[in-house]
Every structure is written in structure tokens, then in C-alpha cells.
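Have a look at the structure below before the remarks.
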Amino acid sequence: MGDRRALLYCAGGGIGDSLVASVVARALHQRYAAVDALTLPSHRNALERVPDLDGVAVDEGDEGAIGRRVAAESYDACIVTWATPRTARVPQLAGIPIRVGQARRLYSFRFSKRVVVRSELGDVTSHWSEILLDYARAIGCDTHERRYRFVPTEADEREAAEL
């Protein structure tokens with residue numbers, strides 16, 4: 001494992017999508033010493049409480065600037081869980097050698113490993129976490145623990161007690 005690093009690019013959908021995607025970080029820890037997330041500004045605080053993530057950065061601003069910032073981190077791999085033209089371009093601009101993302105899109109050529117999403121083939125029974133883990137499996141990572149984790153702060157616990 002050494003000092004190999006991976007990036008989980010979960011910048012799409014709602015906060016639930018990003019929390020479910022964090023299961024992929026657990027799988028990536030099989031092969032990578034550090035796994036960071038790149039996410040939407042509104043998801044940052046929640047993902048900072050996910051113990052499977054070592055760091056959280058925000059996807060905002062110019063793609064080129066984000067690509068340079070990501071390149072400075074020297075990631076070995078990136079999994080994009082919500083593919084868009086932007087989320088396909090940034091890891092490529094950053095020069096990340098292993099880029100896993102959704103197949104069958106106009107911009108899928110930007111990914112070095114393309115994964116067909118099961119639900120596009122008619123699967124209506126698999127949980128979304130299982131579908132997202134297909135991205136990790138594409139590079140030899142998996143986990144048997146499918147529950148996503150979120151560690152509340154003392155302030156969260158006090159607020160919940162007041163309700």
C-alpha cells in the first residue's frame with residue numbers, strides 16, 4: 001500500500017448520494033493508504049464526519065484550477081461516482097492515471113476504466129451502494145461492510161437531544 005492515494009469524486013446528487021458513495025472509500029482503503037473526497041460545497045461538512053475519508057476538498061470554481069489543485073495531491077486513482085462532463089474532465093486534467101467512471105456517456109473516453117451501471121441494464125433490486133462498489137471492483141477493491149458511517153459531533157448530539 002505504501003503512500004498510494006486515491007480520490008473519491010462524489011460531486012453530484014444530494015447529500016445522501018455522497019454519504020452512500022463513501023462506502024467506496026472504505027473499499028479503496030484495501031489498496032490505498034489515503035482516500036480523500038472531492039465533493040460539493042454543501043456536502044463538505046457531512047463528509048468530514050465520515051471516518052473512511054482522510055480528507056475532504058470542495059469542487060467549486062474553474063475546472064482548470066481544480067485540476068491543478070488535485071494534481072498537486074499526486075493521486076494514483078480516482079473514482080467518479082456521479083459522472084458529468086466536469087467530473088470526467090477534472091481527474092483527466094489532474095493527470096490521475098487510473099480514472100474510473102460511468103460507461104456509455106459521450107465523455108466516458110476520459111475514464112481509463114469505464115463501468116456500466118447495472119440499473120441501465122434493468123437491475124432494479126441492487127442497492128445503490130452495491131452499484132457504486134462496482135466502480136471500486138473495477139480496480140480490484142471491495143468491502144463486505146456496506147453500511148456508510150457518519151460520526152456526529154457533540155453539537156449534533158446536543159441538538160438531537162433537544163428535539
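Convention: chains lettered A, B, ... in C-alpha cells order; per-chain residue numbering from 1; ligands numbered from 1 as shown.
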Could you produce a table of the residues of range 84-140 of chain A lying within 7 Å of range 8-25 of chain A, with the nearest pair of atoms per residue and their separation in Å rounded to one decimal, using only C-alpha atoms, ordered by chain and increasing residue number, as JSON lines?
{"residue": "A:Ser129", "atom": "CA", "partner": "A:Val20", "partner_atom": "CA", "distance": 5.8}
{"residue": "A:Leu132", "atom": "CA", "partner": "A:Ala21", "partner_atom": "CA", "distance": 6.6}
{"residue": "A:Leu133", "atom": "CA", "partner": "A:Val24", "partner_atom": "CA", "distance": 5.7}
{"residue": "A:Ala136", "atom": "CA", "partner": "A:Val24", "partner_atom": "CA", "distance": 6.3}
Restricting it to all heavy atoms, dump the selection as a PDB file, in the first residue's frame.
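What follows is the written file selection24.pdb:
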ATOM      1  N   SER A 129     -25.474   1.445  -3.092  1.00  0.00           N
ATOM      2  CA  SER A 129     -24.108   1.230  -2.589  1.00  0.00           C
ATOM      3  C   SER A 129     -23.448   0.068  -3.317  1.00  0.00           C
ATOM      4  O   SER A 129     -22.252   0.121  -3.623  1.00  0.00           O
ATOM      5  CB  SER A 129     -24.102   0.989  -1.080  1.00  0.00           C
ATOM      6  OG  SER A 129     -24.858  -0.163  -0.749  1.00  0.00           O
ATOM      7  N   LEU A 132     -22.418   1.332  -6.738  1.00  0.00           N
ATOM      8  CA  LEU A 132     -21.223   2.176  -6.653  1.00  0.00           C
ATOM      9  C   LEU A 132     -19.968   1.352  -6.381  1.00  0.00           C
ATOM     10  O   LEU A 132     -18.881   1.694  -6.852  1.00  0.00           O
ATOM     11  CB  LEU A 132     -21.399   3.249  -5.585  1.00  0.00           C
ATOM     12  CG  LEU A 132     -22.442   4.326  -5.901  1.00  0.00           C
ATOM     13  CD1 LEU A 132     -22.552   5.306  -4.739  1.00  0.00           C
ATOM     14  CD2 LEU A 132     -22.118   5.051  -7.184  1.00  0.00           C
ATOM     15  N   LEU A 133     -20.111   0.277  -5.629  1.00  0.00           N
ATOM     16  CA  LEU A 133     -18.944  -0.570  -5.368  1.00  0.00           C
ATOM     17  C   LEU A 133     -18.432  -1.249  -6.640  1.00  0.00           C
ATOM     18  O   LEU A 133     -17.274  -1.672  -6.690  1.00  0.00           O
ATOM     19  CB  LEU A 133     -19.254  -1.603  -4.280  1.00  0.00           C
ATOM     20  CG  LEU A 133     -19.238  -1.042  -2.866  1.00  0.00           C
ATOM     21  CD1 LEU A 133     -19.818  -2.040  -1.872  1.00  0.00           C
ATOM     22  CD2 LEU A 133     -17.826  -0.642  -2.458  1.00  0.00           C
ATOM     23  N   ALA A 136     -15.318   0.473  -7.590  1.00  0.00           N
ATOM     24  CA  ALA A 136     -14.139   0.039  -6.835  1.00  0.00           C
ATOM     25  C   ALA A 136     -13.679  -1.334  -7.302  1.00  0.00           C
ATOM     26  O   ALA A 136     -12.472  -1.593  -7.410  1.00  0.00           O
ATOM     27  CB  ALA A 136     -14.452   0.028  -5.338  1.00  0.00           C
TER      28      ALA A 136
END
- Task: May I have all residues of chain A that DSSP, computed from the backbone, assigns to alpha helix (DSSP H), given as a ChimeraX atom specification?
- Result: /A:15-28,44-47,63-71,85-93,128-137,154-162
- For Tyr107 in chain A: contacts at 9 Å, only C-alpha atoms, fewer than 3 positions along chain excluded, given as a ChimeraX atom specification: /A:83-85,88-89,103-104,110-111
Write out, as an mmCIF file, in the first residue's frame, the residues just selected, with all heavy atoms.
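Below you can see result_27.cif, which holds the result:
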data_model
loop_
_atom_site.group_PDB
_atom_site.id
_atom_site.type_symbol
_atom_site.label_atom_id
_atom_site.label_comp_id
_atom_site.auth_asym_id
_atom_site.auth_seq_id
_atom_site.Cartn_x
_atom_site.Cartn_y
_atom_site.Cartn_z
ATOM 1 N N ALA A 83 -21.017 10.865 -12.670
ATOM 2 C CA ALA A 83 -20.309 11.328 -13.862
ATOM 3 C C ALA A 83 -21.074 12.437 -14.586
ATOM 4 O O ALA A 83 -22.266 12.332 -14.845
ATOM 5 C CB ALA A 83 -20.068 10.162 -14.813
ATOM 6 N N THR A 84 -20.339 13.490 -14.869
ATOM 7 C CA THR A 84 -20.797 14.608 -15.693
ATOM 8 C C THR A 84 -19.599 15.001 -16.554
ATOM 9 O O THR A 84 -18.474 14.556 -16.293
ATOM 10 C CB THR A 84 -21.215 15.822 -14.831
ATOM 11 O OG1 THR A 84 -20.058 16.330 -14.156
ATOM 12 C CG2 THR A 84 -22.301 15.452 -13.824
ATOM 13 N N PRO A 85 -19.795 15.835 -17.556
ATOM 14 C CA PRO A 85 -18.622 16.274 -18.319
ATOM 15 C C PRO A 85 -17.546 16.880 -17.407
ATOM 16 O O PRO A 85 -16.355 16.623 -17.592
ATOM 17 C CB PRO A 85 -19.205 17.311 -19.287
ATOM 18 C CG PRO A 85 -20.611 16.850 -19.508
ATOM 19 C CD PRO A 85 -21.053 16.328 -18.160
ATOM 20 N N ALA A 88 -15.720 14.229 -15.242
ATOM 21 C CA ALA A 88 -14.859 13.399 -16.091
ATOM 22 C C ALA A 88 -13.589 14.153 -16.472
ATOM 23 O O ALA A 88 -12.513 13.560 -16.559
ATOM 24 C CB ALA A 88 -15.621 12.962 -17.342
ATOM 25 N N ARG A 89 -13.712 15.462 -16.694
ATOM 26 C CA ARG A 89 -12.559 16.273 -17.126
ATOM 27 C C ARG A 89 -11.551 16.527 -16.014
ATOM 28 O O ARG A 89 -10.340 16.470 -16.235
ATOM 29 C CB ARG A 89 -13.045 17.618 -17.670
ATOM 30 C CG ARG A 89 -13.148 17.679 -19.162
ATOM 31 C CD ARG A 89 -13.372 19.086 -19.687
ATOM 32 N NE ARG A 89 -14.476 19.797 -19.071
ATOM 33 C CZ ARG A 89 -15.733 19.748 -19.488
ATOM 34 N NH1 ARG A 89 -16.053 19.013 -20.529
ATOM 35 N NH2 ARG A 89 -16.674 20.438 -18.876
ATOM 36 N N ALA A 103 -19.618 4.269 -17.865
ATOM 37 C CA ALA A 103 -19.526 3.993 -19.299
ATOM 38 C C ALA A 103 -20.762 4.541 -20.008
ATOM 39 O O ALA A 103 -21.711 5.003 -19.364
ATOM 40 C CB ALA A 103 -19.429 2.481 -19.525
ATOM 41 N N ARG A 104 -20.724 4.501 -21.309
ATOM 42 C CA ARG A 104 -21.881 4.795 -22.151
ATOM 43 C C ARG A 104 -22.325 6.257 -22.121
ATOM 44 O O ARG A 104 -23.488 6.571 -22.280
ATOM 45 C CB ARG A 104 -23.038 3.867 -21.790
ATOM 46 C CG ARG A 104 -22.650 2.394 -21.900
ATOM 47 C CD ARG A 104 -23.642 1.480 -21.321
ATOM 48 N NE ARG A 104 -24.905 1.561 -22.080
ATOM 49 C CZ ARG A 104 -25.910 0.729 -21.904
ATOM 50 N NH1 ARG A 104 -25.817 -0.222 -21.011
ATOM 51 N NH2 ARG A 104 -27.012 0.863 -22.605
ATOM 52 N N ARG A 110 -12.850 9.834 -21.242
ATOM 53 C CA ARG A 110 -11.923 10.451 -20.288
ATOM 54 C C ARG A 110 -11.565 9.514 -19.135
ATOM 55 O O ARG A 110 -10.612 9.768 -18.409
ATOM 56 C CB ARG A 110 -12.505 11.750 -19.751
ATOM 57 C CG ARG A 110 -12.696 12.803 -20.836
ATOM 58 C CD ARG A 110 -13.192 14.105 -20.259
ATOM 59 N NE ARG A 110 -13.484 15.076 -21.286
ATOM 60 C CZ ARG A 110 -12.589 15.851 -21.883
ATOM 61 N NH1 ARG A 110 -11.324 15.768 -21.552
ATOM 62 N NH2 ARG A 110 -12.956 16.709 -22.811
ATOM 63 N N PHE A 111 -12.333 8.463 -18.946
ATOM 64 C CA PHE A 111 -12.059 7.485 -17.888
ATOM 65 C C PHE A 111 -11.167 6.376 -18.429
ATOM 66 O O PHE A 111 -11.368 5.907 -19.552
ATOM 67 C CB PHE A 111 -13.366 6.887 -17.356
ATOM 68 C CG PHE A 111 -14.309 7.898 -16.766
ATOM 69 C CD1 PHE A 111 -15.588 8.045 -17.255
ATOM 70 C CD2 PHE A 111 -13.908 8.710 -15.708
ATOM 71 C CE1 PHE A 111 -16.458 8.979 -16.713
ATOM 72 C CE2 PHE A 111 -14.764 9.642 -15.154
ATOM 73 C CZ PHE A 111 -16.050 9.777 -15.660
#
So that I can see what lies close to range 95-100 of chain A, please list as a JSON list (two decimals) with C-alpha atoms, in the first residue's frame the residues with an atom at most 12 Å from it, counting only C-alpha atoms and leaving out residues fewer than 2 positions away in the same chain.
[["chain", "number", "residue", "atom", "x", "y", "z"],
["A", 4, "ARG", "CA", -0.54, 5.42, -2.57],
["A", 5, "ARG", "CA", -3.50, 7.79, -2.60],
["A", 6, "ALA", "CA", -6.97, 7.71, -4.11],
["A", 7, "LEU", "CA", -9.63, 10.33, -4.71],
["A", 8, "LEU", "CA", -13.36, 9.70, -4.38],
["A", 9, "TYR", "CA", -15.04, 12.30, -6.59],
["A", 24, "VAL", "CA", -16.43, 3.23, -1.94],
["A", 64, "GLY", "CA", -8.53, 24.11, -14.68],
["A", 66, "ILE", "CA", -9.42, 22.42, -9.58],
["A", 67, "GLY", "CA", -7.44, 20.14, -11.88],
["A", 68, "ARG", "CA", -4.18, 21.83, -10.85],
["A", 69, "ARG", "CA", -5.11, 21.65, -7.16],
["A", 70, "VAL", "CA", -5.94, 17.95, -7.49],
["A", 71, "ALA", "CA", -2.75, 17.30, -9.49],
["A", 72, "ALA", "CA", -0.70, 18.74, -6.62],
["A", 73, "GLU", "CA", -2.01, 15.93, -4.40],
["A", 74, "SER", "CA", -0.49, 13.21, -6.65],
["A", 75, "TYR", "CA", -3.39, 10.75, -6.59],
["A", 76, "ASP", "CA", -2.84, 7.31, -8.06],
["A", 77, "ALA", "CA", -6.53, 6.67, -8.75],
["A", 78, "CYS", "CA", -9.85, 8.47, -8.86],
["A", 79, "ILE", "CA", -13.36, 7.05, -8.76],
["A", 80, "VAL", "CA", -16.09, 9.34, -10.06],
["A", 81, "THR", "CA", -19.44, 8.28, -8.61],
["A", 82, "TRP", "CA", -21.60, 10.90, -10.34],
["A", 83, "ALA", "CA", -20.31, 11.33, -13.86],
["A", 87, "THR", "CA", -16.33, 15.33, -13.16],
["A", 88, "ALA", "CA", -14.86, 13.40, -16.09],
["A", 89, "ARG", "CA", -12.56, 16.27, -17.13],
["A", 90, "VAL", "CA", -11.11, 17.25, -13.74],
["A", 91, "PRO", "CA", -9.32, 13.94, -12.97],
["A", 92, "GLN", "CA", -8.00, 13.85, -16.53],
["A", 93, "LEU", "CA", -6.74, 17.43, -16.26],
["A", 102, "GLN", "CA", -19.56, 5.58, -15.86],
["A", 103, "ALA", "CA", -19.53, 3.99, -19.30],
["A", 108, "SER", "CA", -16.66, 8.37, -20.90],
["A", 109, "PHE", "CA", -13.50, 8.31, -23.04],
["A", 110, "ARG", "CA", -11.92, 10.45, -20.29],
["A", 111, "PHE", "CA", -12.06, 7.49, -17.89],
["A", 112, "SER", "CA", -9.36, 4.84, -18.06],
["A", 113, "LYS", "CA", -11.83, 2.27, -16.64],
["A", 114, "ARG", "CA", -15.46, 2.51, -17.68],
["A", 115, "VAL", "CA", -18.20, 0.81, -15.66],
["A", 116, "VAL", "CA", -21.67, 0.06, -17.00],
["A", 132, "LEU", "CA", -21.22, 2.18, -6.65],
["A", 133, "LEU", "CA", -18.94, -0.57, -5.37],
["A", 134, "ASP", "CA", -18.78, -1.85, -8.96],
["A", 135, "TYR", "CA", -16.51, 1.15, -9.61],
["A", 136, "ALA", "CA", -14.14, 0.04, -6.84],
["A", 137, "ARG", "CA", -14.27, -3.55, -8.05],
["A", 138, "ALA", "CA", -13.11, -2.35, -11.48],
["A", 139, "ILE", "CA", -9.70, -1.69, -9.88],
["A", 140, "GLY", "CA", -9.62, -4.66, -7.52]]
- Query: With only C-alpha atoms as the atoms that count, which of A:Asp59, A:Arg118, A:Asn45, A:Ile131 lies nearest to Pro152 in chain A?
  - Reply: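 Among the listed residues, A:Asn45 lies closest to Pro152 in chain A.
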Which residues are near Arg49 in chain A? Cut-off 10 Å, only C-alpha atoms, ignore same chain within fewer than 2 positions. Put them as a PDB file with N, CA, C and O atoms, in the first residue's frame.
ATOM      1  N   ARG A  44     -19.563  19.148   2.146  1.00  0.00           N
ATOM      2  CA  ARG A  44     -18.269  19.083   2.814  1.00  0.00           C
ATOM      3  C   ARG A  44     -18.385  18.761   4.311  1.00  0.00           C
ATOM      4  O   ARG A  44     -17.723  17.846   4.804  1.00  0.00           O
ATOM      5  N   ASN A  45     -19.190  19.521   5.037  1.00  0.00           N
ATOM      6  CA  ASN A  45     -19.272  19.320   6.490  1.00  0.00           C
ATOM      7  C   ASN A  45     -19.698  17.906   6.854  1.00  0.00           C
ATOM      8  O   ASN A  45     -19.161  17.318   7.793  1.00  0.00           O
ATOM      9  N   ALA A  46     -20.643  17.354   6.123  1.00  0.00           N
ATOM     10  CA  ALA A  46     -21.089  15.989   6.414  1.00  0.00           C
ATOM     11  C   ALA A  46     -19.985  14.978   6.112  1.00  0.00           C
ATOM     12  O   ALA A  46     -19.715  14.085   6.924  1.00  0.00           O
ATOM     13  N   LEU A  47     -19.316  15.115   4.965  1.00  0.00           N
ATOM     14  CA  LEU A  47     -18.282  14.142   4.607  1.00  0.00           C
ATOM     15  C   LEU A  47     -17.059  14.235   5.512  1.00  0.00           C
ATOM     16  O   LEU A  47     -16.329  13.252   5.661  1.00  0.00           O
ATOM     17  N   PRO A  51     -15.587   8.535   8.755  1.00  0.00           N
ATOM     18  CA  PRO A  51     -14.261   8.037   9.145  1.00  0.00           C
ATOM     19  C   PRO A  51     -13.495   7.319   8.037  1.00  0.00           C
ATOM     20  O   PRO A  51     -12.286   7.148   8.155  1.00  0.00           O
ATOM     21  N   ASP A  52     -14.162   6.937   6.965  1.00  0.00           N
ATOM     22  CA  ASP A  52     -13.476   6.263   5.858  1.00  0.00           C
ATOM     23  C   ASP A  52     -12.767   7.233   4.928  1.00  0.00           C
ATOM     24  O   ASP A  52     -12.063   6.813   4.015  1.00  0.00           O
ATOM     25  N   LEU A  53     -12.946   8.527   5.155  1.00  0.00           N
ATOM     26  CA  LEU A  53     -12.298   9.551   4.342  1.00  0.00           C
ATOM     27  C   LEU A  53     -11.189  10.222   5.144  1.00  0.00           C
ATOM     28  O   LEU A  53     -11.384  10.582   6.298  1.00  0.00           O
ATOM     29  N   ASP A  54     -10.044  10.394   4.510  1.00  0.00           N
ATOM     30  CA  ASP A  54      -8.905  11.021   5.183  1.00  0.00           C
ATOM     31  C   ASP A  54      -8.896  12.527   5.019  1.00  0.00           C
ATOM     32  O   ASP A  54      -8.302  13.238   5.826  1.00  0.00           O
ATOM     33  N   GLY A  55      -9.532  13.026   3.981  1.00  0.00           N
ATOM     34  CA  GLY A  55      -9.601  14.461   3.743  1.00  0.00           C
ATOM     35  C   GLY A  55     -10.764  14.763   2.821  1.00  0.00           C
ATOM     36  O   GLY A  55     -11.231  13.888   2.089  1.00  0.00           O
ATOM     37  N   VAL A  56     -11.241  15.995   2.872  1.00  0.00           N
ATOM     38  CA  VAL A  56     -12.370  16.406   2.029  1.00  0.00           C
ATOM     39  C   VAL A  56     -12.046  17.766   1.416  1.00  0.00           C
ATOM     40  O   VAL A  56     -11.696  18.704   2.125  1.00  0.00           O
ATOM     41  N   ARG A 149     -20.823   5.218   7.168  1.00  0.00           N
ATOM     42  CA  ARG A 149     -20.642   5.684   8.548  1.00  0.00           C
ATOM     43  C   ARG A 149     -20.550   7.200   8.592  1.00  0.00           C
ATOM     44  O   ARG A 149     -19.985   7.823   7.701  1.00  0.00           O
ATOM     45  N   PHE A 150     -21.083   7.735   9.659  1.00  0.00           N
ATOM     46  CA  PHE A 150     -21.104   9.174   9.890  1.00  0.00           C
ATOM     47  C   PHE A 150     -20.952   9.372  11.385  1.00  0.00           C
ATOM     48  O   PHE A 150     -21.715   8.814  12.174  1.00  0.00           O
ATOM     49  N   VAL A 151     -19.933  10.093  11.815  1.00  0.00           N
ATOM     50  CA  VAL A 151     -19.672  10.302  13.233  1.00  0.00           C
ATOM     51  C   VAL A 151     -20.180  11.690  13.626  1.00  0.00           C
ATOM     52  O   VAL A 151     -19.612  12.695  13.194  1.00  0.00           O
ATOM     53  N   PRO A 152     -21.250  11.749  14.419  1.00  0.00           N
ATOM     54  CA  PRO A 152     -21.766  13.065  14.823  1.00  0.00           C
ATOM     55  C   PRO A 152     -20.821  13.755  15.805  1.00  0.00           C
ATOM     56  O   PRO A 152     -20.062  13.104  16.516  1.00  0.00           O
ATOM     57  N   THR A 153     -20.887  15.066  15.804  1.00  0.00           N
ATOM     58  CA  THR A 153     -20.104  15.839  16.773  1.00  0.00           C
ATOM     59  C   THR A 153     -20.919  15.986  18.047  1.00  0.00           C
ATOM     60  O   THR A 153     -22.112  15.672  18.081  1.00  0.00           O
TER      61      THR A 153
END
- Task: Would you mind telling me which residue in A:Asp62, A:Asp142, A:Asp123, A:Asp3 lies nearest to Leu28 in chain A when using only C-alpha atoms?
- Result: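 Nearest candidate to Leu28 in chain A out of A:Asp62, A:Asp142, A:Asp123, A:Asp3: A:Asp142.
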